[in-house]
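Student: This is the content of entry.cif (mmCIF, C-alpha atoms):
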```cif
data_protein
#
loop_
_atom_site.label_atom_id
_atom_site.label_comp_id
_atom_site.auth_asym_id
_atom_site.auth_seq_id
_atom_site.Cartn_x
_atom_site.Cartn_y
_atom_site.Cartn_z
CA MET A 1 -27.67 -30.08 67.53
CA GLU A 2 -27.47 -26.31 67.13
CA MET A 3 -30.18 -24.75 64.99
CA GLN A 4 -30.08 -21.82 62.62
CA GLN A 5 -30.84 -18.40 64.06
CA THR A 6 -32.20 -15.10 62.84
CA VAL A 7 -33.09 -11.88 64.62
CA ALA A 8 -36.36 -11.88 66.53
CA GLY A 9 -37.35 -8.36 65.48
CA THR A 10 -35.91 -5.27 63.85
CA ALA A 11 -33.40 -2.74 65.10
CA ALA A 12 -31.64 0.22 63.55
CA ILE A 13 -28.50 2.28 63.91
CA SER A 14 -27.37 5.46 62.17
CA GLY A 15 -24.37 7.74 61.96
CA ILE A 16 -21.66 8.99 59.60
CA ALA A 17 -20.00 6.67 57.08
CA LEU A 18 -16.21 6.58 57.35
CA HIS A 19 -15.15 6.92 53.73
CA THR A 20 -18.06 8.75 52.04
CA GLY A 21 -18.82 11.02 55.00
CA ALA A 22 -22.54 10.61 54.23
CA ARG A 23 -25.25 10.17 56.83
CA ALA A 24 -25.96 6.44 56.94
CA ALA A 25 -28.62 4.22 58.48
CA VAL A 26 -28.81 0.44 58.83
CA ARG A 27 -31.72 -1.80 59.82
CA ILE A 28 -31.46 -5.49 60.61
CA LEU A 29 -34.46 -7.65 59.69
CA PRO A 30 -35.40 -11.33 60.21
CA ALA A 31 -35.01 -13.75 57.30
CA PRO A 32 -36.16 -17.35 56.66
CA GLU A 33 -33.98 -20.39 57.15
CA ASP A 34 -31.17 -20.92 54.63
CA THR A 35 -31.29 -17.29 53.47
CA GLY A 36 -27.82 -16.44 54.73
CA ILE A 37 -26.70 -12.86 55.28
CA VAL A 38 -28.10 -10.48 52.68
CA PHE A 39 -27.39 -6.75 52.35
CA ARG A 40 -30.19 -4.72 50.76
CA ARG A 41 -29.79 -1.27 49.21
CA ALA A 42 -33.15 0.26 50.09
CA ASP A 43 -32.10 3.57 48.53
CA LEU A 44 -31.85 2.16 45.00
CA PRO A 45 -34.67 1.36 42.54
CA GLY A 46 -35.84 -2.20 42.99
CA ARG A 47 -34.02 -2.44 46.35
CA PRO A 48 -31.25 -4.71 44.98
CA GLU A 49 -29.54 -7.21 47.26
CA VAL A 50 -26.10 -8.73 47.58
CA HIS A 51 -25.31 -11.93 49.45
CA ALA A 52 -22.43 -11.63 51.91
CA LEU A 53 -20.13 -14.20 50.32
CA ALA A 54 -16.45 -14.14 49.44
CA CYS A 55 -17.32 -14.70 45.76
CA ASN A 56 -19.09 -11.30 45.80
CA VAL A 57 -16.14 -9.35 47.22
CA VAL A 58 -14.96 -6.71 44.74
CA ASP A 59 -12.50 -4.70 46.83
CA VAL A 60 -10.40 -5.27 49.95
CA GLN A 61 -8.56 -1.96 50.24
CA ARG A 62 -9.22 -0.34 53.63
CA GLY A 63 -12.31 -2.49 54.10
CA THR A 64 -14.27 -5.35 52.57
CA THR A 65 -16.64 -4.36 49.77
CA ILE A 66 -19.24 -6.70 48.27
CA ALA A 67 -21.32 -6.26 45.11
CA GLU A 68 -23.91 -8.15 43.11
CA GLY A 69 -25.59 -6.46 40.14
CA LYS A 70 -26.44 -2.90 41.11
CA ALA A 71 -26.06 -3.56 44.82
CA ILE A 72 -22.68 -2.50 46.22
CA VAL A 73 -21.90 -2.22 49.93
CA TYR A 74 -18.64 -0.97 51.41
CA THR A 75 -16.95 -1.97 54.70
CA VAL A 76 -19.18 -4.86 55.72
CA GLU A 77 -16.62 -6.46 58.06
CA HIS A 78 -17.76 -4.91 61.36
CA ILE A 79 -21.39 -5.92 60.83
CA MET A 80 -20.35 -9.38 59.63
CA SER A 81 -18.14 -9.84 62.68
CA ALA A 82 -20.99 -9.10 65.07
CA LEU A 83 -23.34 -11.42 63.16
CA HIS A 84 -20.78 -14.25 63.22
CA ALA A 85 -20.18 -13.79 66.95
CA CYS A 86 -23.91 -13.81 67.69
CA GLY A 87 -24.56 -16.90 65.55
CA ILE A 88 -26.99 -15.12 63.23
CA ASP A 89 -27.26 -17.36 60.17
CA ASN A 90 -30.07 -15.55 58.37
CA CYS A 91 -30.96 -11.86 58.20
CA VAL A 92 -31.36 -8.90 55.90
CA VAL A 93 -29.14 -5.89 56.56
CA GLU A 94 -31.06 -3.02 54.99
CA MET A 95 -29.13 0.15 54.18
CA ASN A 96 -30.04 3.58 52.85
CA GLY A 97 -26.67 4.05 51.16
CA GLN A 98 -23.51 2.29 50.06
CA GLU A 99 -21.67 2.28 53.39
CA PRO A 100 -22.77 1.59 56.97
CA PRO A 101 -22.02 4.13 59.71
CA ILE A 102 -18.60 3.85 61.29
CA CYS A 103 -20.08 4.69 64.73
CA ASP A 104 -17.17 4.54 67.21
CA GLY A 105 -14.97 2.49 64.89
CA SER A 106 -15.72 -0.81 66.60
CA SER A 107 -18.32 -3.54 66.10
CA LEU A 108 -19.87 -2.98 69.52
CA PRO A 109 -22.72 -0.77 68.21
CA PHE A 110 -23.68 -3.50 65.69
CA TYR A 111 -23.53 -6.14 68.41
CA GLY A 112 -25.88 -3.90 70.42
CA MET A 113 -28.22 -3.60 67.44
CA ILE A 114 -28.43 -7.40 67.19
CA MET A 115 -29.08 -7.73 70.92
CA GLU A 116 -31.80 -5.08 70.69
CA ALA A 117 -33.49 -7.01 67.88
CA GLY A 118 -33.15 -10.26 69.82
CA ILE A 119 -32.21 -13.73 68.61
CA ALA A 120 -34.77 -16.25 67.35
CA VAL A 121 -33.97 -19.96 67.02
CA GLN A 122 -35.17 -21.55 63.78
CA THR A 123 -35.99 -25.17 62.94
CA ALA A 124 -33.25 -26.06 60.42
CA PRO A 125 -29.82 -27.25 61.64
CA ALA A 126 -27.08 -24.65 61.69
CA VAL A 127 -24.28 -25.12 59.16
CA PHE A 128 -20.70 -25.22 60.43
CA PHE A 129 -17.51 -25.77 58.49
CA THR A 130 -14.02 -26.76 59.51
CA PRO A 131 -11.37 -27.92 57.03
CA ASP A 132 -9.93 -31.43 57.08
CA SER A 133 -6.40 -30.01 56.75
CA PRO A 134 -4.75 -26.59 57.13
CA VAL A 135 -5.90 -23.89 54.69
CA TYR A 136 -3.48 -21.03 54.00
CA ALA A 137 -3.51 -17.52 52.58
CA VAL A 138 -0.03 -16.02 52.48
CA GLY A 139 1.44 -12.89 50.93
CA GLY A 140 4.13 -10.41 51.92
CA ARG A 141 4.40 -10.33 55.67
CA THR A 142 0.81 -11.59 56.09
CA GLN A 143 0.12 -15.22 56.89
CA VAL A 144 -3.27 -16.59 57.87
CA VAL A 145 -4.01 -20.27 58.30
CA LEU A 146 -7.08 -22.11 59.51
CA LEU A 147 -6.37 -25.42 61.23
CA PRO A 148 -9.04 -28.08 61.80
CA ASP A 149 -11.06 -27.91 65.03
CA PRO A 150 -14.65 -29.17 64.89
CA GLU A 151 -15.53 -27.75 68.32
CA LYS A 152 -15.02 -23.98 68.14
CA LEU A 153 -13.42 -21.00 66.39
CA SER A 154 -10.31 -19.70 68.10
CA VAL A 155 -7.93 -16.98 66.93
CA SER A 156 -4.26 -16.46 67.73
CA CYS A 157 -3.15 -13.17 66.21
CA VAL A 158 -0.01 -11.05 66.18
CA THR A 159 0.31 -7.57 64.64
CA SER A 160 3.22 -5.22 64.12
CA PHE A 161 3.16 -1.50 63.36
CA LYS A 162 6.52 0.20 63.66
CA HIS A 163 5.19 3.52 64.99
CA CYS A 164 2.95 1.91 67.62
CA PRO A 165 4.05 2.33 71.27
CA VAL A 166 3.13 -1.30 72.04
CA ASP A 167 4.62 -3.44 69.30
CA PRO A 168 4.22 -6.25 68.46
CA GLN A 169 0.79 -7.00 69.90
CA PHE A 170 -0.59 -10.49 70.51
CA PHE A 171 -3.94 -11.83 71.64
CA GLN A 172 -5.53 -15.27 71.76
CA TYR A 173 -9.29 -15.62 71.74
CA GLU A 174 -12.05 -18.25 71.53
CA LEU A 175 -15.24 -16.99 69.87
CA GLU A 176 -18.21 -16.83 72.22
CA ARG A 177 -21.04 -14.31 72.18
CA GLU A 178 -20.71 -12.78 75.63
CA SER A 179 -16.90 -12.63 75.67
CA TYR A 180 -16.95 -11.10 72.18
CA ALA A 181 -18.84 -8.09 73.53
CA ARG A 182 -16.29 -7.71 76.31
CA ASP A 183 -12.97 -8.60 74.69
CA ILE A 184 -13.20 -8.07 70.92
CA ALA A 185 -16.11 -5.87 69.82
CA PRO A 186 -14.87 -2.70 71.60
CA GLY A 187 -11.59 -2.65 69.63
CA ARG A 188 -11.65 0.42 67.37
CA THR A 189 -10.31 0.90 63.87
CA PHE A 190 -7.00 2.71 63.48
CA VAL A 191 -4.78 4.31 60.88
CA ASP A 192 -1.11 5.19 60.64
CA TYR A 193 -0.66 8.96 60.43
CA SER A 194 1.62 8.53 57.40
CA ASP A 195 -1.28 6.89 55.50
CA LEU A 196 -3.79 9.66 56.15
CA LYS A 197 -2.60 11.96 53.35
CA MET A 198 -2.84 9.13 50.84
CA LEU A 199 -6.33 8.17 52.02
CA ILE A 200 -7.58 11.74 51.91
CA SER A 201 -6.05 12.24 48.43
CA ALA A 202 -7.94 9.14 47.29
CA GLY A 203 -11.19 10.72 48.44
CA LEU A 204 -11.53 8.45 51.48
CA CYS A 205 -11.96 9.09 55.22
CA LYS A 206 -14.41 11.95 54.63
CA GLY A 207 -16.25 10.90 57.77
CA GLY A 208 -13.15 10.14 59.81
CA SER A 209 -12.59 11.66 63.25
CA LEU A 210 -11.09 10.78 66.61
CA ASP A 211 -14.63 9.76 67.61
CA ALA A 212 -14.35 6.84 65.17
CA ALA A 213 -10.69 5.86 64.92
CA ALA A 214 -7.31 5.86 66.60
CA ILE A 215 -4.24 7.33 64.88
CA ILE A 216 -0.77 5.84 65.25
CA HIS A 217 1.79 8.66 65.13
CA ASP A 218 5.39 9.02 66.21
CA GLY A 219 5.36 6.37 68.92
CA ALA A 220 1.93 7.27 70.28
CA ILE A 221 -1.70 6.35 69.71
CA ILE A 222 -4.01 9.34 69.48
CA CYS A 223 -7.66 8.63 70.23
CA LYS A 224 -10.69 9.98 72.02
CA ASP A 225 -10.52 9.45 75.78
CA ARG A 226 -8.04 6.59 76.21
CA LEU A 227 -7.27 3.16 74.81
CA ARG A 228 -9.86 0.55 75.69
CA PHE A 229 -7.12 -2.11 75.87
CA PRO A 230 -3.32 -1.81 75.82
CA ASN A 231 -3.45 -4.14 72.79
CA GLU A 232 -6.55 -2.65 71.19
CA ILE A 233 -5.07 -2.85 67.70
CA VAL A 234 -4.66 -6.63 67.65
CA ARG A 235 -8.15 -7.06 69.10
CA HIS A 236 -9.56 -4.98 66.26
CA LYS A 237 -7.66 -7.13 63.77
CA ILE A 238 -9.26 -10.23 65.32
CA MET A 239 -12.65 -8.58 65.03
CA ASP A 240 -12.05 -7.91 61.33
CA ALA A 241 -10.91 -11.50 60.75
CA ILE A 242 -14.03 -12.94 62.40
CA GLY A 243 -16.14 -10.79 60.07
CA ASP A 244 -14.21 -11.57 56.90
CA LEU A 245 -14.23 -15.33 57.61
CA TYR A 246 -18.03 -15.24 57.79
CA LEU A 247 -17.97 -14.56 54.04
CA ALA A 248 -17.47 -18.32 53.71
CA GLY A 249 -21.26 -18.42 54.05
CA CYS A 250 -21.62 -20.30 57.32
CA ARG A 251 -20.29 -20.39 60.86
CA ILE A 252 -16.62 -21.33 60.90
CA ARG A 253 -14.90 -23.66 63.34
CA GLY A 254 -11.14 -24.07 63.46
CA LYS A 255 -7.94 -22.64 64.88
CA LEU A 256 -7.10 -19.43 63.03
CA VAL A 257 -3.46 -18.39 63.27
CA ALA A 258 -2.98 -14.89 61.87
CA VAL A 259 0.30 -13.00 61.46
CA CYS A 260 -0.19 -9.35 60.44
CA PRO A 261 -3.63 -10.11 58.94
CA GLY A 262 -5.59 -7.81 56.66
CA HIS A 263 -8.69 -7.91 54.49
CA PRO A 264 -6.98 -9.23 51.32
CA LYS A 265 -5.75 -12.47 52.88
CA ASN A 266 -8.73 -12.82 55.23
CA VAL A 267 -11.06 -12.74 52.24
CA GLU A 268 -8.81 -15.04 50.21
CA LEU A 269 -9.01 -17.57 53.04
CA ALA A 270 -12.79 -17.18 53.24
CA GLY A 271 -12.99 -17.75 49.48
CA LYS A 272 -11.04 -20.99 49.78
CA LEU A 273 -13.36 -22.16 52.55
CA LEU A 274 -16.43 -21.25 50.48
CA ALA A 275 -15.04 -23.24 47.56
CA MET A 276 -14.27 -26.20 49.80
CA ARG A 277 -17.83 -26.14 51.13
CA GLY A 278 -19.17 -26.20 47.58
CA ALA A 279 -16.92 -29.10 46.60
CA ALA A 280 -18.01 -31.06 49.68
CA LYS A 281 -21.73 -30.85 48.91
#
```
Here is a file; write its structure as structure tokens.

Tutor:
Amino acid sequence: MEMQQTVAGTAAISGIALHTGARAAVRILPAPEDTGIVFRRADLPGRPEVHALACNVVDVQRGTTIAEGKAIVYTVEHIMSALHACGIDNCVVEMNGQEPPICDGSSLPFYGMIMEAGIAVQTAPAVFFTPDSPVYAVGGRTQVVLLPDPEKLSVSCVTSFKHCPVDPQFFQYELERESYARDIAPGRTFVDYSDLKMLISAGLCKGGSLDAAAIIHDGAIICKDRLRFPNEIVRHKIMDAIGDLYLAGCRIRGKLVAVCPGHPKNVELAGKLLAMRGAAK
């Protein structure tokens, strides 16, 4: 029987937030059994907290935003992905602002923060969930479905971006802590050049740079240094999906099949799983 886990100590990371452009710092702290993942706004009076659950998601445009009372936290998906991959059931993610640092645009820095803090095994059994039958979230060209598999979480994902030099992209992956750091976590965020004007006009991407994202433009991918994988985009999409699914409130097992996934349908699927868990209790 696998037991719940938290971090053994504390660790911190800082940098520039992608959308606000503000200097941001994050600390990860241990938490008791059955706490779940909690984000704390240490910069606000009373240090309000929000539980990382699909029912607390308030926005899914260009990232997954959660809120509860006065606590609002933007773009939680990279941190959540690393926590899911590492099997961290309980922790407090303490922030000094509304958005974590984008770092290099991947989840690898957050994975490193967790490894620096260490992993502590607790005494209560870990909670896993897999559906009894397929669960779908479908809209437009996006289709995501979780099929039953009580043994592990695997992801088969295909993406398509018309201006990308390698299109479509496909990758198949089974979630495991060490392989996550090698095969999924390094995948960086990206944006289509045609979307940049709209994002900037909306007051977003104030902290964006080639240090933190790749840009798809006119049949090329522009990024710092070189691509980490020929199919880096689909790997990043898998990383996002692993994070968004963790908003179901426990470790997920199943076969995730994702066609052109994004935060809206990822979170919708996580919400259905969260509701199914509640109904099963």

Student: Check what the PyMOL selection byres ((chain A and resi 40-57) around 10) selects in the file above and give those residues as a ChimeraX atom specification.

Tutor: /A:26-28,35-39,58-60,64-74,76-77,80,92-99,244-250,266-275

Student: On this file, the PyMOL selection byres ((chain A and resi 130-146) around 6) gives some set of residues; write that set as a list in words.

Tutor: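 For this structure, the PyMOL selection byres ((chain A and resi 130-146) around 6) captures Phe129, Leu147, Pro148, Pro150, Arg253, Gly254, Lys255, Leu256, Val257, Ala258, Val259, Cys260, Pro261, Lys265 and Leu269 of chain A.
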
Student: With distances taken over all atoms listed in the file, which of A:Gln172, A:Ser160, A:Gln122, A:Ser154 is nearest to Gln5 in chain A?

Tutor: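 Ranked by minimum distance to Gln5 in chain A, first place goes to A:Gln122.
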
Student: Find the spatial neighbours of Arg177 in chain A, counting only C-alpha atoms, within a cut-off of 9 Å - ignore same-chain residues fewer than 6 positions away - and output them as a PDB file with C-alpha atoms, in the frame of the given file.

Tutor:
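Below is the file result33.pdb, written as the result:
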```pdb
ATOM      1  CA  ALA A  82     -20.990  -9.100  65.070  1.00  0.00           C
ATOM      2  CA  HIS A  84     -20.780 -14.250  63.220  1.00  0.00           C
ATOM      3  CA  ALA A  85     -20.180 -13.790  66.950  1.00  0.00           C
ATOM      4  CA  CYS A  86     -23.910 -13.810  67.690  1.00  0.00           C
ATOM      5  CA  GLY A  87     -24.560 -16.900  65.550  1.00  0.00           C
TER       6      GLY A  87
END
```

Student: For Ile238 in chain A, which of A:Ile119, A:Met113, A:Leu175, A:Met3 is the closest residue, counting all atoms listed in the file?

Tutor: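 Looking at the shortest contact to Ile238 in chain A, the residue is A:Leu175.
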
Student: Would you kindly translate the PyMOL selection byres ((chain A and resi 185) around 7) into the concrete residues it picks from this file, as a list in words?

Tutor: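 With the shown file as input, the PyMOL selection byres ((chain A and resi 185) around 7) matches Ser106, Ser107, Leu108, Tyr180, Ala181, Arg182, Asp183, Ile184, Pro186, Gly187 and Met239 of chain A.
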
Student: Quick one, how far is CA of Ala117 in chain A from CA of Gly9 in chain A?

Tutor: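 Separation between CA of Ala117 in chain A and CA of Gly9 in chain A: 4.7 Å.
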
Student: Quick one: pull the distance between CA of Arg226 in chain A and CA of Phe110 in chain A, Å, one decimal.

Tutor: 21.4 Å

Student: Give me, as a PyMOL selection string, all polymer residues having an atom no more than 10 Å from Arg188 in chain A, counting all atoms listed in the file and skipping those fewer than 6 positions away in the same chain.

Tutor: chain A and resi 102-108+211-214+223+227-229+232-237+239

Student: Counting all atoms listed in the file, I want the residues whose atoms come within 12 Å of (5.0, 2.1, 70.7) in the file frame, returned as number ranges by chain.

Tutor: A: 160-169, 216-222, 230-231, 233

Student: Using all atoms listed in the file, pick whichever of A:Ala11, A:Ser81, A:Leu29, A:Arg62 has the shortest atom-to-atom distance to Arg251 in chain A.

Tutor: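 Of A:Ala11, A:Ser81, A:Leu29, A:Arg62, the one nearest Arg251 in chain A, counting all atoms listed in the file, is A:Ser81.
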
Student: Could you work out how far CA of Leu83 in chain A lies from CA of Pro109 in chain A, giving the answer in Å with one decimal?

Tutor: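 A separation of 11.8 Å between them.
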
Student: Could you pull the residues within 10 Å of Ala124 in chain A, counting all atoms listed in the file, minus those fewer than 5 positions along the same chain, as a CSV table (one decimal) with C-alpha atoms, in the coordinates of the input?

Tutor:
```csv
chain,number,residue,atom,x,y,z
A,1,MET,CA,-27.7,-30.1,67.5
A,2,GLU,CA,-27.5,-26.3,67.1
A,3,MET,CA,-30.2,-24.8,65.0
A,4,GLN,CA,-30.1,-21.8,62.6
A,5,GLN,CA,-30.8,-18.4,64.1
A,32,PRO,CA,-36.2,-17.4,56.7
A,33,GLU,CA,-34.0,-20.4,57.2
A,34,ASP,CA,-31.2,-20.9,54.6
```

Student: Please output range 67-78 of chain A, rebuilt to include all heavy atoms, as a PDB file, in the coordinates of the input.

Tutor:
```pdb
ATOM      1  N   ALA A  67     -20.426  -6.779  46.153  1.00  0.00           N
ATOM      2  CA  ALA A  67     -21.320  -6.260  45.110  1.00  0.00           C
ATOM      3  C   ALA A  67     -21.945  -7.412  44.346  1.00  0.00           C
ATOM      4  O   ALA A  67     -21.334  -8.462  44.163  1.00  0.00           O
ATOM      5  CB  ALA A  67     -20.565  -5.333  44.160  1.00  0.00           C
ATOM      6  N   GLU A  68     -23.164  -7.181  43.913  1.00  0.00           N
ATOM      7  CA  GLU A  68     -23.910  -8.150  43.110  1.00  0.00           C
ATOM      8  C   GLU A  68     -24.914  -7.353  42.293  1.00  0.00           C
ATOM      9  O   GLU A  68     -25.832  -6.741  42.864  1.00  0.00           O
ATOM     10  CB  GLU A  68     -24.605  -9.164  44.016  1.00  0.00           C
ATOM     11  CG  GLU A  68     -25.085 -10.417  43.332  1.00  0.00           C
ATOM     12  CD  GLU A  68     -25.590 -11.458  44.329  1.00  0.00           C
ATOM     13  OE1 GLU A  68     -25.574 -11.211  45.549  1.00  0.00           O
ATOM     14  OE2 GLU A  68     -26.013 -12.530  43.870  1.00  0.00           O
ATOM     15  N   GLY A  69     -24.727  -7.306  40.958  1.00  0.00           N
ATOM     16  CA  GLY A  69     -25.590  -6.460  40.140  1.00  0.00           C
ATOM     17  C   GLY A  69     -25.400  -5.003  40.507  1.00  0.00           C
ATOM     18  O   GLY A  69     -24.276  -4.501  40.590  1.00  0.00           O
ATOM     19  N   LYS A  70     -26.502  -4.314  40.763  1.00  0.00           N
ATOM     20  CA  LYS A  70     -26.440  -2.900  41.110  1.00  0.00           C
ATOM     21  C   LYS A  70     -26.230  -2.641  42.593  1.00  0.00           C
ATOM     22  O   LYS A  70     -26.091  -1.492  43.015  1.00  0.00           O
ATOM     23  CB  LYS A  70     -27.713  -2.190  40.638  1.00  0.00           C
ATOM     24  CG  LYS A  70     -27.877  -2.166  39.123  1.00  0.00           C
ATOM     25  CD  LYS A  70     -29.129  -1.405  38.714  1.00  0.00           C
ATOM     26  CE  LYS A  70     -29.253  -1.357  37.194  1.00  0.00           C
ATOM     27  NZ  LYS A  70     -30.485  -0.614  36.773  1.00  0.00           N
ATOM     28  N   ALA A  71     -26.221  -3.701  43.365  1.00  0.00           N
ATOM     29  CA  ALA A  71     -26.060  -3.560  44.820  1.00  0.00           C
ATOM     30  C   ALA A  71     -24.580  -3.618  45.171  1.00  0.00           C
ATOM     31  O   ALA A  71     -23.920  -4.634  44.932  1.00  0.00           O
ATOM     32  CB  ALA A  71     -26.823  -4.653  45.546  1.00  0.00           C
ATOM     33  N   ILE A  72     -24.055  -2.545  45.731  1.00  0.00           N
ATOM     34  CA  ILE A  72     -22.680  -2.500  46.220  1.00  0.00           C
ATOM     35  C   ILE A  72     -22.697  -1.971  47.645  1.00  0.00           C
ATOM     36  O   ILE A  72     -23.410  -1.017  47.947  1.00  0.00           O
ATOM     37  CB  ILE A  72     -21.773  -1.656  45.302  1.00  0.00           C
ATOM     38  CG1 ILE A  72     -20.317  -1.683  45.801  1.00  0.00           C
ATOM     39  CG2 ILE A  72     -22.288  -0.238  45.158  1.00  0.00           C
ATOM     40  CD1 ILE A  72     -19.324  -1.117  44.815  1.00  0.00           C
ATOM     41  N   VAL A  73     -21.942  -2.609  48.514  1.00  0.00           N
ATOM     42  CA  VAL A  73     -21.900  -2.220  49.930  1.00  0.00           C
ATOM     43  C   VAL A  73     -20.444  -2.232  50.381  1.00  0.00           C
ATOM     44  O   VAL A  73     -19.745  -3.235  50.233  1.00  0.00           O
ATOM     45  CB  VAL A  73     -22.736  -3.161  50.812  1.00  0.00           C
ATOM     46  CG1 VAL A  73     -22.672  -2.699  52.263  1.00  0.00           C
ATOM     47  CG2 VAL A  73     -24.181  -3.217  50.332  1.00  0.00           C
ATOM     48  N   TYR A  74     -20.007  -1.108  50.933  1.00  0.00           N
ATOM     49  CA  TYR A  74     -18.640  -0.970  51.410  1.00  0.00           C
ATOM     50  C   TYR A  74     -18.529  -1.346  52.894  1.00  0.00           C
ATOM     51  O   TYR A  74     -19.499  -1.257  53.647  1.00  0.00           O
ATOM     52  CB  TYR A  74     -18.176   0.484  51.234  1.00  0.00           C
ATOM     53  CG  TYR A  74     -18.081   0.926  49.805  1.00  0.00           C
ATOM     54  CD1 TYR A  74     -19.192   1.453  49.140  1.00  0.00           C
ATOM     55  CD2 TYR A  74     -16.888   0.819  49.099  1.00  0.00           C
ATOM     56  CE1 TYR A  74     -19.109   1.864  47.825  1.00  0.00           C
ATOM     57  CE2 TYR A  74     -16.808   1.229  47.777  1.00  0.00           C
ATOM     58  CZ  TYR A  74     -17.909   1.752  47.140  1.00  0.00           C
ATOM     59  OH  TYR A  74     -17.833   2.145  45.835  1.00  0.00           O
ATOM     60  N   THR A  75     -17.339  -1.737  53.295  1.00  0.00           N
ATOM     61  CA  THR A  75     -16.950  -1.970  54.700  1.00  0.00           C
ATOM     62  C   THR A  75     -18.001  -2.765  55.482  1.00  0.00           C
ATOM     63  O   THR A  75     -18.569  -2.285  56.454  1.00  0.00           O
ATOM     64  CB  THR A  75     -16.644  -0.631  55.421  1.00  0.00           C
ATOM     65  OG1 THR A  75     -17.782   0.237  55.378  1.00  0.00           O
ATOM     66  CG2 THR A  75     -15.453   0.062  54.802  1.00  0.00           C
ATOM     67  N   VAL A  76     -18.185  -4.001  55.055  1.00  0.00           N
ATOM     68  CA  VAL A  76     -19.180  -4.860  55.720  1.00  0.00           C
ATOM     69  C   VAL A  76     -18.590  -5.620  56.904  1.00  0.00           C
ATOM     70  O   VAL A  76     -19.321  -6.272  57.647  1.00  0.00           O
ATOM     71  CB  VAL A  76     -19.786  -5.882  54.724  1.00  0.00           C
ATOM     72  CG1 VAL A  76     -20.472  -5.166  53.578  1.00  0.00           C
ATOM     73  CG2 VAL A  76     -18.720  -6.845  54.197  1.00  0.00           C
ATOM     74  N   GLU A  77     -17.271  -5.545  57.120  1.00  0.00           N
ATOM     75  CA  GLU A  77     -16.620  -6.460  58.060  1.00  0.00           C
ATOM     76  C   GLU A  77     -17.063  -6.302  59.502  1.00  0.00           C
ATOM     77  O   GLU A  77     -17.135  -7.290  60.241  1.00  0.00           O
ATOM     78  CB  GLU A  77     -15.089  -6.331  57.955  1.00  0.00           C
ATOM     79  CG  GLU A  77     -14.531  -4.958  58.272  1.00  0.00           C
ATOM     80  CD  GLU A  77     -14.456  -4.023  57.078  1.00  0.00           C
ATOM     81  OE1 GLU A  77     -15.023  -4.339  56.012  1.00  0.00           O
ATOM     82  OE2 GLU A  77     -13.817  -2.959  57.216  1.00  0.00           O
ATOM     83  N   HIS A  78     -17.369  -5.082  59.960  1.00  0.00           N
ATOM     84  CA  HIS A  78     -17.760  -4.910  61.360  1.00  0.00           C
ATOM     85  C   HIS A  78     -19.139  -5.525  61.617  1.00  0.00           C
ATOM     86  O   HIS A  78     -19.355  -6.176  62.651  1.00  0.00           O
ATOM     87  CB  HIS A  78     -17.768  -3.423  61.734  1.00  0.00           C
ATOM     88  CG  HIS A  78     -16.412  -2.805  61.712  1.00  0.00           C
ATOM     89  ND1 HIS A  78     -16.182  -1.496  62.090  1.00  0.00           N
ATOM     90  CD2 HIS A  78     -15.192  -3.301  61.367  1.00  0.00           C
ATOM     91  CE1 HIS A  78     -14.886  -1.221  61.971  1.00  0.00           C
ATOM     92  NE2 HIS A  78     -14.276  -2.303  61.526  1.00  0.00           N
TER      93      HIS A  78
END
```
